[in-house]
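**Student:** My structure is stored as start_4.tsv, with TSV, C-alpha atoms and all ligand atoms.
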```
chain	number	residue	atom	x	y	z
A	1	MET	CA	-20.14	-15.13	-23.04
A	2	SER	CA	-18.10	-16.02	-19.96
A	3	GLU	CA	-18.72	-14.33	-16.65
A	4	PHE	CA	-17.11	-10.96	-15.83
A	5	LEU	CA	-13.59	-11.44	-14.47
A	6	PRO	CA	-12.71	-8.61	-12.06
A	7	PHE	CA	-9.16	-7.28	-11.89
A	8	SER	CA	-9.05	-8.20	-8.20
A	9	ARG	CA	-11.07	-10.37	-5.83
A	10	PRO	CA	-10.35	-11.21	-2.18
A	11	SER	CA	-9.84	-14.84	-1.08
A	12	ILE	CA	-11.57	-15.37	2.27
A	13	SER	CA	-11.04	-18.78	3.91
A	14	GLN	CA	-13.72	-20.73	5.73
A	15	ALA	CA	-11.67	-20.23	8.92
A	16	ALA	CA	-11.99	-16.44	8.51
A	17	ILE	CA	-15.73	-16.70	7.90
A	18	ASP	CA	-16.12	-18.90	11.00
A	19	GLU	CA	-14.08	-16.41	13.04
A	20	VAL	CA	-16.34	-13.53	11.94
A	21	ILE	CA	-19.39	-15.54	12.95
A	22	ALA	CA	-17.81	-16.38	16.31
A	23	CYS	CA	-17.05	-12.69	16.80
A	24	LEU	CA	-20.62	-11.69	15.95
A	25	LYS	CA	-21.95	-14.22	18.44
A	26	SER	CA	-19.44	-13.28	21.15
A	27	GLY	CA	-21.13	-10.08	22.26
A	28	TRP	CA	-18.06	-7.96	21.44
A	29	ILE	CA	-17.84	-6.67	17.87
A	30	THR	CA	-15.92	-3.40	18.06
A	31	THR	CA	-12.24	-2.98	19.09
A	32	GLY	CA	-11.50	-5.75	21.56
A	33	PRO	CA	-9.83	-9.12	22.03
A	34	ARG	CA	-9.58	-9.97	18.32
A	35	VAL	CA	-7.90	-6.65	17.54
A	36	ALA	CA	-5.47	-7.42	20.40
A	37	GLN	CA	-4.86	-10.91	18.96
A	38	PHE	CA	-4.35	-9.63	15.42
A	39	THR	CA	-1.99	-6.94	16.73
A	40	GLU	CA	0.14	-9.59	18.45
A	41	ALA	CA	0.10	-11.81	15.35
A	42	LEU	CA	1.30	-8.91	13.19
A	43	LYS	CA	3.98	-8.00	15.71
A	44	GLU	CA	5.22	-11.58	15.55
A	45	TYR	CA	5.02	-11.53	11.74
A	46	PHE	CA	7.13	-8.36	11.46
A	47	TYR	CA	9.53	-9.51	14.14
A	48	ALA	CA	9.94	-13.23	13.42
A	49	LYS	CA	12.59	-13.00	10.71
A	50	GLU	CA	14.31	-9.98	12.21
A	51	ARG	CA	14.74	-11.68	15.57
A	52	GLU	CA	16.87	-14.35	13.93
A	53	LEU	CA	19.09	-11.71	12.38
A	54	SER	CA	19.56	-9.25	15.22
A	55	HIS	CA	18.61	-8.18	18.71
A	56	LEU	CA	16.22	-5.46	17.61
A	57	GLU	CA	13.08	-5.11	19.70
A	58	ALA	CA	9.65	-5.99	18.36
A	59	PRO	CA	8.04	-3.02	16.63
A	60	PHE	CA	4.88	-1.25	17.75
A	61	VAL	CA	1.85	-2.26	15.67
A	62	LEU	CA	-1.30	-0.10	15.62
A	63	LEU	CA	-4.40	-1.38	13.87
A	64	LEU	CA	-6.62	1.22	12.26
A	65	ALA	CA	-9.67	1.73	10.04
A	66	SER	CA	-7.53	2.11	6.88
A	67	ALA	CA	-4.08	2.90	5.56
A	68	THR	CA	-5.38	6.41	4.90
A	69	ALA	CA	-6.01	6.73	8.65
A	70	GLY	CA	-2.51	5.34	9.26
A	71	LEU	CA	-0.81	7.86	6.99
A	72	HIS	CA	-2.89	10.66	8.48
A	73	LEU	CA	-2.01	9.78	12.08
A	74	ALA	CA	1.66	8.99	11.43
A	75	LEU	CA	2.02	12.38	9.73
A	76	LEU	CA	0.06	14.15	12.51
A	77	ALA	CA	2.36	12.50	15.04
A	78	LEU	CA	5.29	14.34	13.43
A	79	GLY	CA	3.72	17.59	14.68
A	80	LEU	CA	4.17	19.42	11.38
A	81	GLN	CA	4.45	23.20	11.44
A	82	PRO	CA	3.17	25.49	8.63
A	83	GLY	CA	5.50	25.23	5.65
A	84	ASP	CA	6.89	21.81	6.60
A	85	GLU	CA	7.49	19.66	3.53
A	86	ILE	CA	7.00	15.94	3.00
A	87	ILE	CA	8.65	14.39	-0.05
A	88	THR	CA	6.70	11.73	-1.96
A	89	THR	CA	5.94	10.41	-5.46
A	90	PRO	CA	3.37	11.51	-8.05
A	91	LEU	CA	2.60	7.85	-8.91
A	92	THR	CA	0.40	6.95	-5.98
A	93	PHE	CA	-3.16	6.92	-4.73
A	94	ALA	CA	-4.47	10.36	-3.78
A	95	ALA	CA	-4.56	9.35	-0.09
A	96	THR	CA	-0.78	9.65	0.09
A	97	LEU	CA	-0.88	13.35	-0.78
A	98	ASN	CA	-4.25	14.09	0.80
A	99	THR	CA	-3.03	12.96	4.22
A	100	ILE	CA	0.11	15.11	3.94
A	101	VAL	CA	-2.16	18.11	3.44
A	102	LEU	CA	-4.61	17.03	6.16
A	103	ALA	CA	-1.71	16.74	8.62
A	104	GLY	CA	-0.66	20.31	7.82
A	105	GLY	CA	2.22	19.53	5.46
A	106	LYS	CA	3.16	20.55	1.94
A	107	PRO	CA	3.68	17.72	-0.56
A	108	VAL	CA	6.93	17.94	-2.53
A	109	LEU	CA	7.23	15.42	-5.35
A	110	VAL	CA	10.13	13.52	-6.86
A	111	ASP	CA	9.68	11.95	-10.29
A	112	ILE	CA	9.68	8.17	-10.65
A	113	ASP	CA	12.14	5.74	-12.14
A	114	PRO	CA	10.24	4.72	-15.30
A	115	LYS	CA	11.54	1.14	-15.01
A	116	THR	CA	10.52	0.32	-11.43
A	117	PHE	CA	7.75	2.97	-11.06
A	118	ASN	CA	9.17	3.81	-7.62
A	119	MET	CA	10.48	7.23	-6.57
A	120	ASN	CA	13.79	7.91	-8.38
A	121	ILE	CA	16.22	8.01	-5.46
A	122	GLU	CA	18.81	9.73	-7.63
A	123	LEU	CA	16.51	12.78	-7.76
A	124	LEU	CA	15.65	12.72	-4.07
A	125	GLU	CA	18.44	14.85	-2.67
A	126	GLN	CA	17.69	17.82	-4.90
A	127	ALA	CA	14.11	17.93	-3.53
A	128	ILE	CA	15.31	18.33	0.07
A	129	SER	CA	15.04	21.85	1.50
A	130	PRO	CA	15.42	23.39	4.98
A	131	HIS	CA	11.64	22.79	5.38
A	132	THR	CA	11.75	19.05	4.65
A	133	ARG	CA	10.60	16.94	7.59
A	134	ALA	CA	10.07	13.48	6.15
A	135	ILE	CA	10.34	11.27	3.09
A	136	LEU	CA	7.25	9.24	2.20
A	137	PRO	CA	8.18	6.63	-0.42
A	138	VAL	CA	5.58	4.26	-1.90
A	139	HIS	CA	6.53	0.61	-2.52
A	140	PHE	CA	4.65	0.66	-5.81
A	141	ALA	CA	2.87	-2.60	-6.68
A	142	GLY	CA	4.71	-4.21	-3.76
A	143	LEU	CA	8.20	-3.68	-5.18
A	144	ALA	CA	10.44	-2.49	-2.35
A	145	VAL	CA	11.99	0.93	-2.86
A	146	ASN	CA	15.81	1.04	-2.76
A	147	LEU	CA	15.74	1.49	1.00
A	148	ASP	CA	19.50	1.46	1.70
A	149	ALA	CA	19.94	4.45	-0.59
A	150	LEU	CA	16.81	6.18	0.75
A	151	TYR	CA	17.69	5.75	4.44
A	152	GLU	CA	21.28	6.82	3.80
A	153	ILE	CA	19.97	10.16	2.52
A	154	ALA	CA	17.29	10.44	5.25
A	155	ASN	CA	19.86	9.81	7.98
A	156	ARG	CA	22.35	12.24	6.50
A	157	TYR	CA	19.73	15.03	6.52
A	158	GLY	CA	18.07	13.99	9.80
A	159	LEU	CA	14.72	13.26	8.15
A	160	ARG	CA	11.95	10.92	9.25
A	161	VAL	CA	10.77	8.18	6.86
A	162	ILE	CA	7.16	7.04	6.64
A	163	GLU	CA	6.92	4.24	4.09
A	164	ASP	CA	3.58	4.00	2.29
A	165	ALA	CA	3.50	0.21	2.28
A	166	ALA	CA	-0.17	-0.04	1.28
A	167	HIS	CA	0.85	-2.43	-1.52
A	168	ALA	CA	3.64	-4.15	0.32
A	169	ILE	CA	2.58	-6.50	3.07
A	170	GLY	CA	4.47	-9.69	2.21
A	171	SER	CA	7.19	-7.84	0.28
A	172	GLU	CA	10.85	-8.14	1.24
A	173	TYR	CA	13.96	-6.04	0.73
A	174	LYS	CA	17.30	-7.84	0.92
A	175	GLY	CA	15.80	-10.75	2.85
A	176	LYS	CA	13.93	-8.55	5.34
A	177	ARG	CA	10.18	-8.05	5.45
A	178	ILE	CA	8.93	-4.55	4.73
A	179	GLY	CA	7.76	-3.44	8.17
A	180	SER	CA	10.48	-5.33	10.04
A	181	PHE	CA	13.08	-2.55	9.91
A	182	GLY	CA	13.43	1.18	9.25
A	183	ASP	CA	11.41	4.04	10.73
A	184	THR	CA	7.63	3.72	10.18
A	185	GLN	CA	5.49	1.77	7.68
A	186	VAL	CA	1.79	2.01	6.83
A	187	PHE	CA	-0.05	-1.03	5.42
A	188	SER	CA	-3.51	-1.33	3.83
A	189	PHE	CA	-5.97	-4.17	4.26
A	190	HIS	CA	-8.41	-2.86	1.62
A	191	PRO	CA	-10.13	-5.73	-0.28
A	192	ASN	CA	-7.87	-5.54	-3.33
A	193	LYS	CA	-4.64	-5.53	-1.29
A	194	ASN	CA	-2.35	-8.50	-0.56
A	195	MET	CA	-4.46	-9.37	2.47
A	196	THR	CA	-7.70	-7.80	3.65
A	197	THR	CA	-9.89	-7.01	6.63
A	198	GLY	CA	-12.70	-5.57	4.47
A	199	GLU	CA	-11.32	-2.10	5.12
A	200	GLY	CA	-8.41	-1.61	7.46
A	201	GLY	CA	-4.78	-0.77	7.88
A	202	CYS	CA	-1.94	-0.59	10.34
A	203	VAL	CA	1.06	1.46	11.30
A	204	VAL	CA	4.26	-0.31	12.24
A	205	THR	CA	6.92	1.78	13.95
A	206	ARG	CA	9.98	1.46	16.11
A	207	ASP	CA	9.37	4.93	17.62
A	208	GLN	CA	7.60	4.66	20.96
A	209	ASP	CA	6.51	8.32	20.97
A	210	MET	CA	4.98	7.89	17.51
A	211	ALA	CA	3.17	4.73	18.67
A	212	GLU	CA	1.78	6.40	21.79
A	213	ARG	CA	0.60	9.42	19.88
A	214	ILE	CA	-1.14	7.31	17.24
A	215	ALA	CA	-2.73	5.17	19.96
A	216	GLN	CA	-4.27	8.34	21.44
A	217	LEU	CA	-5.20	9.96	18.15
A	218	ARG	CA	-6.95	6.86	16.78
A	219	PHE	CA	-9.58	6.83	19.55
A	220	HIS	CA	-10.80	10.27	20.63
A	221	GLY	CA	-7.57	11.20	22.43
A	222	ILE	CA	-8.33	8.82	25.28
A	223	ASP	CA	-5.28	8.27	27.45
A	224	ARG	CA	-5.31	4.48	27.58
A	225	GLN	CA	-6.32	1.45	25.58
A	226	ALA	CA	-9.05	0.14	27.89
A	227	TRP	CA	-11.14	-1.74	25.35
A	228	ASN	CA	-13.00	-3.64	28.01
A	229	ARG	CA	-14.09	-0.59	29.96
A	230	TYR	CA	-17.48	-2.28	30.02
A	231	GLY	CA	-16.17	-5.63	31.30
A	232	LYS	CA	-16.12	-7.01	34.82
A	233	HIS	CA	-12.74	-5.52	35.65
A	234	GLY	CA	-13.01	-2.47	33.43
A	235	SER	CA	-13.30	1.09	34.59
A	236	GLN	CA	-15.47	3.68	32.86
A	237	ASP	CA	-13.04	6.42	33.73
A	238	TYR	CA	-10.58	8.01	31.31
A	239	GLU	CA	-8.96	11.30	30.44
A	240	ILE	CA	-8.91	13.09	27.10
A	241	VAL	CA	-5.35	14.26	26.50
A	242	LEU	CA	-5.90	15.67	23.00
A	243	PRO	CA	-8.76	15.92	20.51
A	244	GLY	CA	-8.56	12.60	18.64
A	245	TYR	CA	-10.20	10.83	15.72
A	246	LYS	CA	-12.24	7.65	15.50
A	247	PHE	CA	-9.94	5.53	13.36
A	248	ASN	CA	-10.02	2.25	15.32
A	249	MET	CA	-10.33	-1.19	13.75
A	250	THR	CA	-13.23	-3.42	14.85
A	251	ASP	CA	-13.04	-7.02	16.04
A	252	ILE	CA	-15.13	-8.08	13.03
A	253	GLN	CA	-12.36	-6.77	10.76
A	254	ALA	CA	-9.62	-8.30	12.91
A	255	ALA	CA	-11.41	-11.67	12.79
A	256	ILE	CA	-10.80	-11.69	9.02
A	257	GLY	CA	-7.25	-10.36	9.37
A	258	ILE	CA	-6.09	-13.05	11.82
A	259	HIS	CA	-6.74	-15.69	9.15
A	260	GLN	CA	-5.66	-13.60	6.15
A	261	LEU	CA	-2.24	-13.23	7.80
A	262	LYS	CA	-1.95	-17.03	8.03
A	263	ASP	CA	-2.72	-17.24	4.30
A	264	LEU	CA	-0.45	-14.36	3.28
A	265	ALA	CA	2.59	-16.44	2.25
A	266	SER	CA	0.48	-18.59	-0.06
A	267	PHE	CA	-1.24	-15.48	-1.48
A	268	ILE	CA	2.15	-13.93	-2.29
A	269	ALA	CA	3.39	-17.18	-3.84
A	270	ARG	CA	0.34	-17.34	-6.14
A	271	ARG	CA	0.68	-13.65	-7.01
A	272	ASN	CA	4.28	-14.34	-8.04
A	273	GLU	CA	3.22	-17.32	-10.17
A	274	LEU	CA	0.62	-15.25	-11.97
A	275	ALA	CA	2.97	-12.29	-12.48
A	276	ASN	CA	5.64	-14.63	-13.86
A	277	ARG	CA	3.04	-16.17	-16.13
A	278	TYR	CA	2.16	-12.71	-17.52
A	279	HIS	CA	5.82	-11.91	-17.87
A	280	GLU	CA	6.59	-15.05	-19.84
A	281	ALA	CA	3.50	-14.80	-22.03
A	282	LEU	CA	3.89	-11.10	-22.79
A	283	SER	CA	7.66	-10.78	-23.14
A	284	ASP	CA	7.51	-10.97	-26.93
A	285	TRP	CA	4.38	-8.82	-27.33
A	286	VAL	CA	5.46	-5.52	-28.89
A	287	GLN	CA	2.24	-3.89	-27.63
A	288	TRP	CA	3.55	-3.78	-24.05
A	289	THR	CA	6.48	-2.49	-22.07
A	290	LEU	CA	6.66	-4.78	-19.05
A	291	PRO	CA	7.53	-3.85	-15.45
A	292	THR	CA	11.27	-4.17	-14.75
A	293	ARG	CA	12.85	-5.54	-11.59
A	294	PRO	CA	15.72	-3.69	-9.90
A	295	HIS	CA	19.17	-5.26	-9.36
A	296	TYR	CA	18.93	-5.55	-5.56
A	297	ASP	CA	17.62	-8.64	-3.79
A	298	HIS	CA	13.88	-8.42	-3.10
A	299	LEU	CA	10.66	-10.41	-2.88
A	300	HIS	CA	7.96	-8.74	-4.95
A	301	SER	CA	4.42	-9.12	-3.65
A	302	TRP	CA	2.82	-8.26	-7.02
A	303	HIS	CA	-0.11	-6.40	-5.52
A	304	ILE	CA	-0.72	-5.33	-9.13
A	305	TYR	CA	0.83	-6.30	-12.47
A	306	THR	CA	1.16	-3.11	-14.47
A	307	PRO	CA	2.52	-3.12	-18.02
A	308	LEU	CA	2.60	0.07	-20.12
A	309	ILE	CA	0.72	0.13	-23.40
A	310	ASN	CA	2.78	1.05	-26.50
A	311	GLU	CA	0.20	3.18	-28.26
A	312	ASP	CA	2.35	3.73	-31.35
A	313	ILE	CA	1.97	0.00	-32.01
A	314	THR	CA	-1.52	-0.72	-30.67
A	315	HIS	CA	-3.12	2.40	-32.16
A	316	ILE	CA	-5.48	2.36	-29.20
A	317	ASN	CA	-4.71	4.18	-26.00
A	318	ARG	CA	-4.88	2.83	-22.47
A	319	ASP	CA	-8.43	4.01	-21.81
A	320	GLU	CA	-9.66	2.48	-25.08
A	321	PHE	CA	-7.87	-0.76	-24.18
A	322	MET	CA	-9.56	-0.84	-20.77
A	323	ARG	CA	-12.98	-0.23	-22.33
A	324	ALA	CA	-12.43	-2.95	-24.95
A	325	MET	CA	-11.44	-5.44	-22.24
A	326	GLN	CA	-14.49	-4.51	-20.19
A	327	GLU	CA	-16.76	-5.05	-23.18
A	328	LYS	CA	-15.27	-8.52	-23.40
A	329	ASN	CA	-15.96	-9.14	-19.71
A	330	ILE	CA	-12.45	-8.60	-18.33
A	331	GLY	CA	-11.91	-6.00	-15.63
A	332	THR	CA	-8.68	-4.01	-15.48
A	333	GLY	CA	-7.46	-1.34	-13.05
A	334	LEU	CA	-5.91	2.11	-13.35
A	335	HIS	CA	-3.16	2.73	-10.78
A	336	TYR	CA	-2.87	5.68	-11.07
A	337	ARG	CA	-3.54	9.00	-12.71
A	338	ALA	CA	-0.71	11.39	-11.78
A	339	VAL	CA	-1.84	12.89	-8.48
A	340	HIS	CA	-0.23	16.30	-9.04
A	341	LEU	CA	-2.52	16.90	-12.02
A	342	TYR	CA	-5.77	16.67	-10.04
A	343	PRO	CA	-7.45	20.09	-9.82
A	344	TYR	CA	-6.83	20.56	-6.08
A	345	TYR	CA	-3.09	19.93	-6.40
A	346	ARG	CA	-2.77	22.12	-9.49
A	347	GLN	CA	-4.68	24.98	-7.89
A	348	VAL	CA	-3.26	24.92	-4.38
A	349	PHE	CA	0.33	23.82	-5.00
A	350	GLY	CA	0.79	25.04	-8.58
A	351	PHE	CA	1.71	21.67	-10.07
A	352	LYS	CA	1.36	21.47	-13.85
A	353	LEU	CA	1.78	19.14	-16.79
A	354	GLY	CA	5.47	18.66	-17.48
A	355	ASP	CA	6.58	18.84	-13.83
A	356	PHE	CA	7.20	15.08	-13.55
A	357	PRO	CA	7.54	13.77	-17.12
A	358	GLN	CA	8.33	10.14	-16.29
A	359	ALA	CA	5.33	9.76	-13.99
A	360	GLU	CA	3.10	11.58	-16.48
A	361	ASP	CA	4.11	9.23	-19.30
A	362	VAL	CA	3.62	6.13	-17.14
A	363	CYS	CA	0.25	7.38	-15.87
A	364	GLU	CA	-1.02	7.74	-19.45
A	365	ARG	CA	0.00	4.19	-20.37
A	366	ILE	CA	-0.28	2.04	-17.25
A	367	VAL	CA	-2.88	-0.73	-16.84
A	368	SER	CA	-3.39	-3.21	-14.00
A	369	LEU	CA	-4.21	-6.62	-15.46
A	370	PRO	CA	-6.35	-9.06	-13.44
A	371	LEU	CA	-4.29	-10.67	-10.68
A	372	PHE	CA	-5.51	-12.14	-7.39
A	373	PRO	CA	-4.64	-15.29	-5.45
A	374	GLY	CA	-7.85	-17.13	-6.37
A	375	MET	CA	-7.33	-16.56	-10.11
A	376	THR	CA	-7.05	-19.84	-12.01
A	377	ASP	CA	-4.66	-20.62	-14.86
A	378	ALA	CA	-7.72	-20.88	-17.12
A	379	GLU	CA	-8.82	-17.35	-16.15
A	380	HIS	CA	-5.27	-16.14	-16.76
A	381	ASP	CA	-5.27	-17.73	-20.23
A	382	ARG	CA	-8.61	-16.06	-20.91
A	383	VAL	CA	-7.14	-12.63	-20.13
A	384	LEU	CA	-4.30	-13.28	-22.59
A	385	ASP	CA	-6.71	-14.52	-25.28
A	386	VAL	CA	-8.98	-11.51	-24.89
A	387	MET	CA	-5.99	-9.13	-24.99
A	388	TYR	CA	-4.85	-10.82	-28.17
A	389	SER	CA	-8.28	-10.36	-29.74
A	390	VAL	CA	-8.38	-6.69	-28.67
A	391	PHE	CA	-5.04	-6.00	-30.35
A	392	ASN	CA	-5.70	-8.02	-33.49
A	401	LIG	C1	-0.32	3.70	-2.37
A	401	LIG	C2	-1.54	3.75	-1.50
A	401	LIG	N1	-1.51	4.46	-0.37
A	401	LIG	C3	-2.57	4.51	0.45
A	401	LIG	C4	-3.73	3.86	0.17
A	401	LIG	C5	-4.89	3.97	1.10
A	401	LIG	O1	-5.26	2.72	1.61
A	401	LIG	P1	-6.67	2.52	2.31
A	401	LIG	O2	-7.65	2.24	1.22
A	401	LIG	O3	-6.48	1.32	3.20
A	401	LIG	O4	-6.98	3.74	3.08
A	401	LIG	C6	-3.82	3.10	-0.98
A	401	LIG	C7	-5.07	2.39	-1.31
A	401	LIG	O5	-5.40	2.12	-2.42
A	401	LIG	C8	-2.71	3.04	-1.85
A	401	LIG	O6	-2.75	2.33	-2.97
```
Translate this structure into structure tokens?
**Tutor:**
Amino acid sequence: MSEFLPFSRPSISQAAIDEVIACLKSGWITTGPRVAQFTEALKEYFYAKERELSHLEAPFVLLLASATAGLHLALLALGLQPGDEIITTPLTFAATLNTIVLAGGKPVLVDIDPKTFNMNIELLEQAISPHTRAILPVHFAGLAVNLDALYEIANRYGLRVIEDAAHAIGSEYKGKRIGSFGDTQVFSFHPNKNMTTGEGGCVVTRDQDMAERIAQLRFHGIDRQAWNRYGKHGSQDYEIVLPGYKFNMTDIQAAIGIHQLKDLASFIARRNELANRYHEALSDWVQWTLPTRPHYDHLHSWHIYTPLINEDITHINRDEFMRAMQEKNIGTGLHYRAVHLYPYYRQVFGFKLGDFPQAEDVCERIVSLPLFPGMTDAEHDRVLDVMYSVFN
């Protein structure tokens, strides 16, 4: 039988490997010059297109240990008070809700649009209360949320927006990169994301206060970013201005990221090819309902390709499908189970089955098929052949 094909696999260039080795040999492996270099490269990436279009200033970019750390610190930086509400979606990774709670907020959910799998903006306004502080949309699978509509509502109610862009580095909305405009965005560099640093993430914001607060919170509450305190011109002295976390990125991670960012455009192009290939091959399969694209202009990054299984036709459910694929050496992913139905969220916030029917239906039927930049056409054909044999 052929080798196991995972649903995702990172593509690490020789240049990235060489950079990691150079970092290891350099004598500086934690937060240092490569984190500074990667930060500047990201700033340029988020600013390059925008600069041509307007006179906006470059955003602040803060590298961190993960997107979870980024969400946590961005939410903490809002200074939430007891009872403050953050509006998000039930179709997301648990980290989105967990960090709301960890930052002292209450998650309020808005059901999804069953076609795009993003938060249904038409339902957003009715979830806003006097306690709402921020909206936290997720660009699911790398498909940009309808941001004009979302920001129009946020601005009208004076709400902050923290975009969970864990899936969305490389995605665009109306010709603009996610991260190049709006309030605050949080990206993930986990190994199955569009680009990776092993583990890692970043916050991009145009709010200087938010940036300064995150910079303090990510490293013990130290008042300045003196990475080379131990260098020739460094000083060992610092003040602690608040009790902070240890959420910094290391230079070993940044060494990978510097080169992943250079490869990002080609990764996104290949992801689009593979997603289009699935779309063409599966469009006449009655076993699947395929992801739908919205009417507005966007560049999808296809972090994941997620059709819904039509169980009335397949007579096997999603979990049985995933097991059958695994037995035939094809990995698939589950993104996600509905977060509000996890025991903690049921018990503490009183969520229950039936609260968000569209998300609940999608979460029962959704599967992530194998998709990663290094995937060959032959591997793609193999996935289709195996799916065919599972269904027939
Ligand atoms: C929507 C979403 N938000 C947040 C995260 C957290 O990212 P990280 O693993 O970098 O902490 C993930 C990761 O899977 C995610 O999918």
**Student:** Within 12 Å of Glu212 of chain A, counting only C-alpha atoms, which residues qualify if same-chain residues fewer than 3 places away don't, as a PDB file with C-alpha atoms, keeping the file's coordinate frame?
**Tutor:**
```pdb
ATOM      1  CA  PHE A  60       4.880  -1.250  17.750  1.00  0.00           C
ATOM      2  CA  VAL A  61       1.850  -2.260  15.670  1.00  0.00           C
ATOM      3  CA  LEU A  62      -1.300  -0.100  15.620  1.00  0.00           C
ATOM      4  CA  LEU A  73      -2.010   9.780  12.080  1.00  0.00           C
ATOM      5  CA  ALA A  74       1.660   8.990  11.430  1.00  0.00           C
ATOM      6  CA  ALA A  77       2.360  12.500  15.040  1.00  0.00           C
ATOM      7  CA  VAL A 203       1.060   1.460  11.300  1.00  0.00           C
ATOM      8  CA  VAL A 204       4.260  -0.310  12.240  1.00  0.00           C
ATOM      9  CA  THR A 205       6.920   1.780  13.950  1.00  0.00           C
ATOM     10  CA  ARG A 206       9.980   1.460  16.110  1.00  0.00           C
ATOM     11  CA  ASP A 207       9.370   4.930  17.620  1.00  0.00           C
ATOM     12  CA  GLN A 208       7.600   4.660  20.960  1.00  0.00           C
ATOM     13  CA  ASP A 209       6.510   8.320  20.970  1.00  0.00           C
ATOM     14  CA  ALA A 215      -2.730   5.170  19.960  1.00  0.00           C
ATOM     15  CA  GLN A 216      -4.270   8.340  21.440  1.00  0.00           C
ATOM     16  CA  LEU A 217      -5.200   9.960  18.150  1.00  0.00           C
ATOM     17  CA  ARG A 218      -6.950   6.860  16.780  1.00  0.00           C
ATOM     18  CA  PHE A 219      -9.580   6.830  19.550  1.00  0.00           C
ATOM     19  CA  GLY A 221      -7.570  11.200  22.430  1.00  0.00           C
ATOM     20  CA  ILE A 222      -8.330   8.820  25.280  1.00  0.00           C
ATOM     21  CA  ASP A 223      -5.280   8.270  27.450  1.00  0.00           C
ATOM     22  CA  ARG A 224      -5.310   4.480  27.580  1.00  0.00           C
ATOM     23  CA  GLN A 225      -6.320   1.450  25.580  1.00  0.00           C
ATOM     24  CA  VAL A 241      -5.350  14.260  26.500  1.00  0.00           C
TER      25      VAL A 241
END
```
**Student:** Using all atoms listed in the file for the distances, tell me which of A:Glu44, A:Asp361, A:Asp183, A:Glu85 is nearest to Asp113 of chain A.
**Tutor:**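 For Asp113 of chain A, the nearest of the given residues is A:Asp361.
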**Student:** Which residues, written as a CSV table (one decimal) with C-alpha atoms, in the coordinates of the input, have at least one atom at most 12 Å from Met325 of chain A, with all atoms listed in the file counted and residues fewer than 6 positions away on the same chain left out?
**Tutor:**
```csv
chain,number,residue,atom,x,y,z
A,4,PHE,CA,-17.1,-11.0,-15.8
A,5,LEU,CA,-13.6,-11.4,-14.5
A,6,PRO,CA,-12.7,-8.6,-12.1
A,7,PHE,CA,-9.2,-7.3,-11.9
A,318,ARG,CA,-4.9,2.8,-22.5
A,319,ASP,CA,-8.4,4.0,-21.8
A,331,GLY,CA,-11.9,-6.0,-15.6
A,332,THR,CA,-8.7,-4.0,-15.5
A,333,GLY,CA,-7.5,-1.3,-13.0
A,367,VAL,CA,-2.9,-0.7,-16.8
A,368,SER,CA,-3.4,-3.2,-14.0
A,369,LEU,CA,-4.2,-6.6,-15.5
A,370,PRO,CA,-6.4,-9.1,-13.4
A,382,ARG,CA,-8.6,-16.1,-20.9
A,383,VAL,CA,-7.1,-12.6,-20.1
A,384,LEU,CA,-4.3,-13.3,-22.6
A,385,ASP,CA,-6.7,-14.5,-25.3
A,386,VAL,CA,-9.0,-11.5,-24.9
A,387,MET,CA,-6.0,-9.1,-25.0
A,388,TYR,CA,-4.8,-10.8,-28.2
A,389,SER,CA,-8.3,-10.4,-29.7
A,390,VAL,CA,-8.4,-6.7,-28.7
A,391,PHE,CA,-5.0,-6.0,-30.4
```
**Student:** Check every protein, DNA and RNA residue against ligand LIG 401 (chain A), keep those with an atom at most 6 Å away (counting all atoms listed in the file), and present them as a PyMOL selection string.
**Tutor:** chain A and resi 66-68+92-93+95-96+138+164+166+188-190+200-201
**Student:** Can you write out as CSV which residues of segment 127-237 of chain A fall within 12 Å of segment 13-24 of chain A, alongside each residue's closest atom pair and its distance in Å to one decimal, counting all atoms listed in the file and ordering rows by chain and ascending residue number?
**Tutor:**
```
residue,atom,partner,partner_atom,distance
A:Met195,CA,A:Ser13,CA,11.6
A:Thr196,CA,A:Ala16,CA,10.8
A:Thr197,CA,A:Ala16,CA,9.8
A:Gly198,CA,A:Val20,CA,11.5
```
**Student:** Can you tell me how far atom CA of Arg277 of chain A sits from atom CA of Thr292 of chain A, in Å to one decimal?
**Tutor:**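 Atom CA of Arg277 of chain A sits 14.6 Å away from atom CA of Thr292 of chain A.
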**Student:** Have a look at atom CA of Ala48 of chain A and atom CA of Asn118 of chain A and let me know their distance in Å, one decimal.
**Tutor:**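 Separation between atom CA of Ala48 of chain A and atom CA of Asn118 of chain A: 27.1 Å.
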**Student:** Under the rule that only C-alpha atoms are counted, which of A:Glu239, A:Gln260, A:Leu143, A:Pro114 is the nearest residue to Leu290 of chain A?
**Tutor:**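 Selected residue with least distance to Leu290 of chain A: A:Pro114.
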**Student:** Considering all atoms listed in the file, state which residue in the set A:His303, A:His380, A:Arg177, A:Arg346 is at the smallest distance from Leu274 of chain A.
**Tutor:**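 Among the listed residues, the smallest separation from Leu274 of chain A belongs to A:His380.
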**Student:** Can you list, as an MDAnalysis selection string, every protein, DNA or RNA residue that comes within 7 Å of Val339 of chain A when you count all atoms listed in the file, leaving out same-chain residues fewer than 6 positions away?
**Tutor:** chainID A and resid 90:92 94
**Student:** So how many Å separate atom CA of Gln236 of chain A and atom CA of Leu64 of chain A, to one decimal?
**Tutor:**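 Distance reported for this atom pair: 22.6 Å.
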**Student:** Restricting the calculation to all atoms listed in the file, which member of A:Gln347, A:Thr30, A:Thr89, A:Asn98 is positioned closest to Leu123 of chain A?
**Tutor:**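 Closest to Leu123 of chain A of all the choices is A:Thr89.
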